[in-house]
Amino acid sequence: MRSGNPALNDKVFDRQREAARRPPVDDTVSPWPSPPSGVAADTMTLNGVVSASAVLLVLLLAAGWFGWSQVNVTDGVVDVPGWLLPAVLGGLAVALVTVFRPPLARFTAPLYALIEGLILGAVSHVYEFRYDGIVLQAVGLTIGVFVLLLVVYATGVIRATENFRLGVVSATGAVFLVYLVSLVLNLFGAEVSFIHDAGPVGILFSLVVVVIAALNLVLDFDFIEKGAAAGVPRYMEWYAAFGLLVTLVWLYLELLRLLGKARSR
């Protein structure tokens with residue numbers, strides 16, 4: 001796989017590229033015009049991914065502002081909106097639809113950005129209530145990490161070699177396995193304490209997860225670059241932007257968790 005992000009891997013691009021090259025059922029109406037070079041004329045480009053990503057970020061921020069406003073604080077008590085859990089489940093459902101039906105990404109990716117914006121806005125307000133200024137710190141760090149990883153990737157300082165990919169993908173899988181075990185244990189009234197602990201072990205765990213999330217950006221950049229060069233259909237610009245947004249949301253949440261643990265000490 002080109003990326004630890006399950007939404008971004010070579011198999012997805014391969015499937016969409018092959019779909020674009022199939023002969024149309026109706027010769028008079030071809031959804032995939034045949035280009036002279038054998039590559040679809042209406043193909044994914046890096047500029048297209050950047051534009052789609054910008055649109056998703058704007059939607060995320062707009063929905064985040066609304067989600068923030070829905071959290072009420074009265075006499076030191078935080079009132080979390082009742083739609084938060086359904087929004088989490090809805091976001092997961094939209095993400096799964098996007099992963100299994102990439103052609104729908106131009107519609108589902110914006111919807112996913114709106115839902116995640118609502119969730120991040122509400123969660124961020126809760127953290128901001130507990131730790132003043134933490135949201136601005138988390139946003140700044142997320143932007144800083146993104147820019148840093150983009151620069152080191154563009155300049156060739158970090159290469160997405162096969163061993164690099166294998167290590168990051170394995171580490172990402174291990175993190176989500178730990179989270180899954182923690183979720184199952186929570187259902188039975190137990191928990192993996194170091195995930196939420198603000199002690200040295202808990203902070204170290206969060207720091208490791210932040211590093212893993214950041215390294216996924218390198219794999220995502222490589223995946224997007226290779227996908228644009230492969231000549232996949234243009235709608236994959238939205239799918240690639242969706243995958244990148246998934247990583248950024250994860251990175252922001254992990255940074256928020258890490259800063260919260262550090263501040264609680």
# chains A, B, ... in the order shown; residues from 1 in each chain; ligands from 1
$ select_by_dssp --residues "range 21-213 of chain A" --states "helix (DSSP H, G or I)" --output "ChimeraX atom specification"
/A:21,46-69,84-100,102-130,134-154,162-187,193-196,200-213
$ residues_around --residues "range 68-71 of chain A" --least-positions-apart "5" --cutoff "12 Å" --atoms "only C-alpha atoms" --output "PyMOL selection string"
chain A and resi 60-63+77-84+116-129+135
$ residues_around --residues "Val246 in chain A" --least-positions-apart "2" --cutoff "12 Å" --atoms "only C-alpha atoms" --output "VMD selection string"
chain A and resid 3 to 8 53 56 to 57 60 91 to 92 94 to 96 98 to 99 109 112 to 113 116 to 117 213 to 214 216 to 217 220 239 to 244 248 to 253
$ residues_around --residues "Ala262 in chain A" --least-positions-apart "6" --cutoff "10 Å" --atoms "only C-alpha atoms" --output "ChimeraX atom specification"
/A:198-200,202-203,256
$ select_by_dssp --residues "range 28-100 of chain A" --states "strand (DSSP E or B)" --output "list of chain:residue names"
A:Thr43, A:Asn72, A:Val73, A:Thr74, A:Val77, A:Val78, A:Asp79
$ atom_distance --atom1 "CA of Ile195 in chain A" --atom2 "CA of Gly144 in chain A"
24.5 Å
$ residues_around --residues "Val157 in chain A" --least-positions-apart "5" --cutoff "12 Å" --atoms "only C-alpha atoms" --output "list in words"
Leu148, Leu149, Leu150, Val151, Val152 and Val218 of chain A
$ residues_around --residues "Ser206 in chain A" --least-positions-apart "3" --cutoff "9 Å" --atoms "only C-alpha atoms" --output "MDAnalysis selection string"
chainID A and resid 195:196 201:203 209:211 254:255 257:258 261
$ atom_distance --atom1 "CA of Phe176 in chain A" --atom2 "CA of Glu191 in chain A"
14.9 Å
$ residues_around --residues "Met44 in chain A" --least-positions-apart "6" --cutoff "7 Å" --atoms "only C-alpha atoms" --output "PyMOL selection string"
chain A and resi 228+231-234+236-237
$ write_last_selection --atoms "N, CA and C atoms" --output "mmCIF file, in the first residue's frame"
data_model
loop_
_atom_site.group_PDB
_atom_site.id
_atom_site.type_symbol
_atom_site.label_atom_id
_atom_site.label_comp_id
_atom_site.auth_asym_id
_atom_site.auth_seq_id
_atom_site.Cartn_x
_atom_site.Cartn_y
_atom_site.Cartn_z
ATOM 1 N N ALA A 228 -1.887 10.797 -9.580
ATOM 2 C CA ALA A 228 -2.006 11.806 -10.636
ATOM 3 C C ALA A 228 -1.204 11.393 -11.868
ATOM 4 N N GLY A 231 -2.925 8.601 -14.270
ATOM 5 C CA GLY A 231 -4.030 8.907 -15.171
ATOM 6 C C GLY A 231 -5.360 8.334 -14.750
ATOM 7 N N VAL A 232 -5.661 8.367 -13.442
ATOM 8 C CA VAL A 232 -6.957 7.884 -12.962
ATOM 9 C C VAL A 232 -8.024 8.935 -13.240
ATOM 10 N N PRO A 233 -9.302 8.566 -13.185
ATOM 11 C CA PRO A 233 -10.386 9.513 -13.499
ATOM 12 C C PRO A 233 -10.374 10.746 -12.596
ATOM 13 N N ARG A 234 -10.936 11.843 -13.104
ATOM 14 C CA ARG A 234 -10.897 13.115 -12.392
ATOM 15 C C ARG A 234 -11.631 13.073 -11.058
ATOM 16 N N MET A 236 -11.424 11.097 -8.871
ATOM 17 C CA MET A 236 -10.518 10.634 -7.831
ATOM 18 C C MET A 236 -9.804 11.788 -7.135
ATOM 19 N N GLU A 237 -9.879 12.997 -7.693
ATOM 20 C CA GLU A 237 -9.354 14.161 -6.994
ATOM 21 C C GLU A 237 -10.095 14.355 -5.678
#
$ atom_distance --atom1 "CA of Leu177 in chain A" --atom2 "CA of Val145 in chain A"
24.4 Å
$ decode --residues "range 170-185 of chain A" --atoms "N, CA and C atoms" --output "PDB file, in the first residue's frame"
ATOM      1  N   SER A 170       2.279  -0.702   9.365  1.00  0.00           N
ATOM      2  CA  SER A 170       2.222  -1.624  10.505  1.00  0.00           C
ATOM      3  C   SER A 170       1.950  -0.879  11.803  1.00  0.00           C
ATOM      4  N   ALA A 171       2.629   0.261  11.980  1.00  0.00           N
ATOM      5  CA  ALA A 171       2.430   1.056  13.187  1.00  0.00           C
ATOM      6  C   ALA A 171       1.011   1.609  13.251  1.00  0.00           C
ATOM      7  N   THR A 172       0.490   2.049  12.102  1.00  0.00           N
ATOM      8  CA  THR A 172      -0.879   2.569  12.056  1.00  0.00           C
ATOM      9  C   THR A 172      -1.882   1.480  12.412  1.00  0.00           C
ATOM     10  N   GLY A 173      -1.677   0.295  11.877  1.00  0.00           N
ATOM     11  CA  GLY A 173      -2.556  -0.821  12.207  1.00  0.00           C
ATOM     12  C   GLY A 173      -2.507  -1.170  13.684  1.00  0.00           C
ATOM     13  N   ALA A 174      -1.314  -1.101  14.272  1.00  0.00           N
ATOM     14  CA  ALA A 174      -1.174  -1.401  15.692  1.00  0.00           C
ATOM     15  C   ALA A 174      -1.923  -0.386  16.554  1.00  0.00           C
ATOM     16  N   VAL A 175      -1.863   0.891  16.160  1.00  0.00           N
ATOM     17  CA  VAL A 175      -2.559   1.943  16.917  1.00  0.00           C
ATOM     18  C   VAL A 175      -4.061   1.720  16.883  1.00  0.00           C
ATOM     19  N   PHE A 176      -4.598   1.451  15.707  1.00  0.00           N
ATOM     20  CA  PHE A 176      -6.039   1.250  15.602  1.00  0.00           C
ATOM     21  C   PHE A 176      -6.474  -0.037  16.289  1.00  0.00           C
ATOM     22  N   LEU A 177      -5.594  -1.028  16.345  1.00  0.00           N
ATOM     23  CA  LEU A 177      -5.907  -2.249  17.086  1.00  0.00           C
ATOM     24  C   LEU A 177      -6.019  -1.952  18.578  1.00  0.00           C
ATOM     25  N   VAL A 178      -5.097  -1.121  19.086  1.00  0.00           N
ATOM     26  CA  VAL A 178      -5.157  -0.723  20.496  1.00  0.00           C
ATOM     27  C   VAL A 178      -6.447   0.040  20.779  1.00  0.00           C
ATOM     28  N   TYR A 179      -6.800   0.955  19.882  1.00  0.00           N
ATOM     29  CA  TYR A 179      -8.045   1.715  20.060  1.00  0.00           C
ATOM     30  C   TYR A 179      -9.268   0.799  20.018  1.00  0.00           C
ATOM     31  N   LEU A 180      -9.234  -0.190  19.146  1.00  0.00           N
ATOM     32  CA  LEU A 180     -10.349  -1.120  19.040  1.00  0.00           C
ATOM     33  C   LEU A 180     -10.488  -1.938  20.320  1.00  0.00           C
ATOM     34  N   VAL A 181      -9.364  -2.436  20.832  1.00  0.00           N
ATOM     35  CA  VAL A 181      -9.392  -3.194  22.090  1.00  0.00           C
ATOM     36  C   VAL A 181      -9.913  -2.316  23.224  1.00  0.00           C
ATOM     37  N   SER A 182      -9.486  -1.063  23.247  1.00  0.00           N
ATOM     38  CA  SER A 182      -9.946  -0.136  24.285  1.00  0.00           C
ATOM     39  C   SER A 182     -11.452   0.070  24.197  1.00  0.00           C
ATOM     40  N   LEU A 183     -11.967   0.187  22.962  1.00  0.00           N
ATOM     41  CA  LEU A 183     -13.403   0.374  22.781  1.00  0.00           C
ATOM     42  C   LEU A 183     -14.188  -0.831  23.268  1.00  0.00           C
ATOM     43  N   VAL A 184     -13.701  -2.019  22.945  1.00  0.00           N
ATOM     44  CA  VAL A 184     -14.383  -3.239  23.384  1.00  0.00           C
ATOM     45  C   VAL A 184     -14.361  -3.349  24.901  1.00  0.00           C
ATOM     46  N   LEU A 185     -13.218  -3.052  25.518  1.00  0.00           N
ATOM     47  CA  LEU A 185     -13.115  -3.124  26.974  1.00  0.00           C
ATOM     48  C   LEU A 185     -14.021  -2.114  27.648  1.00  0.00           C
TER      49      LEU A 185
END
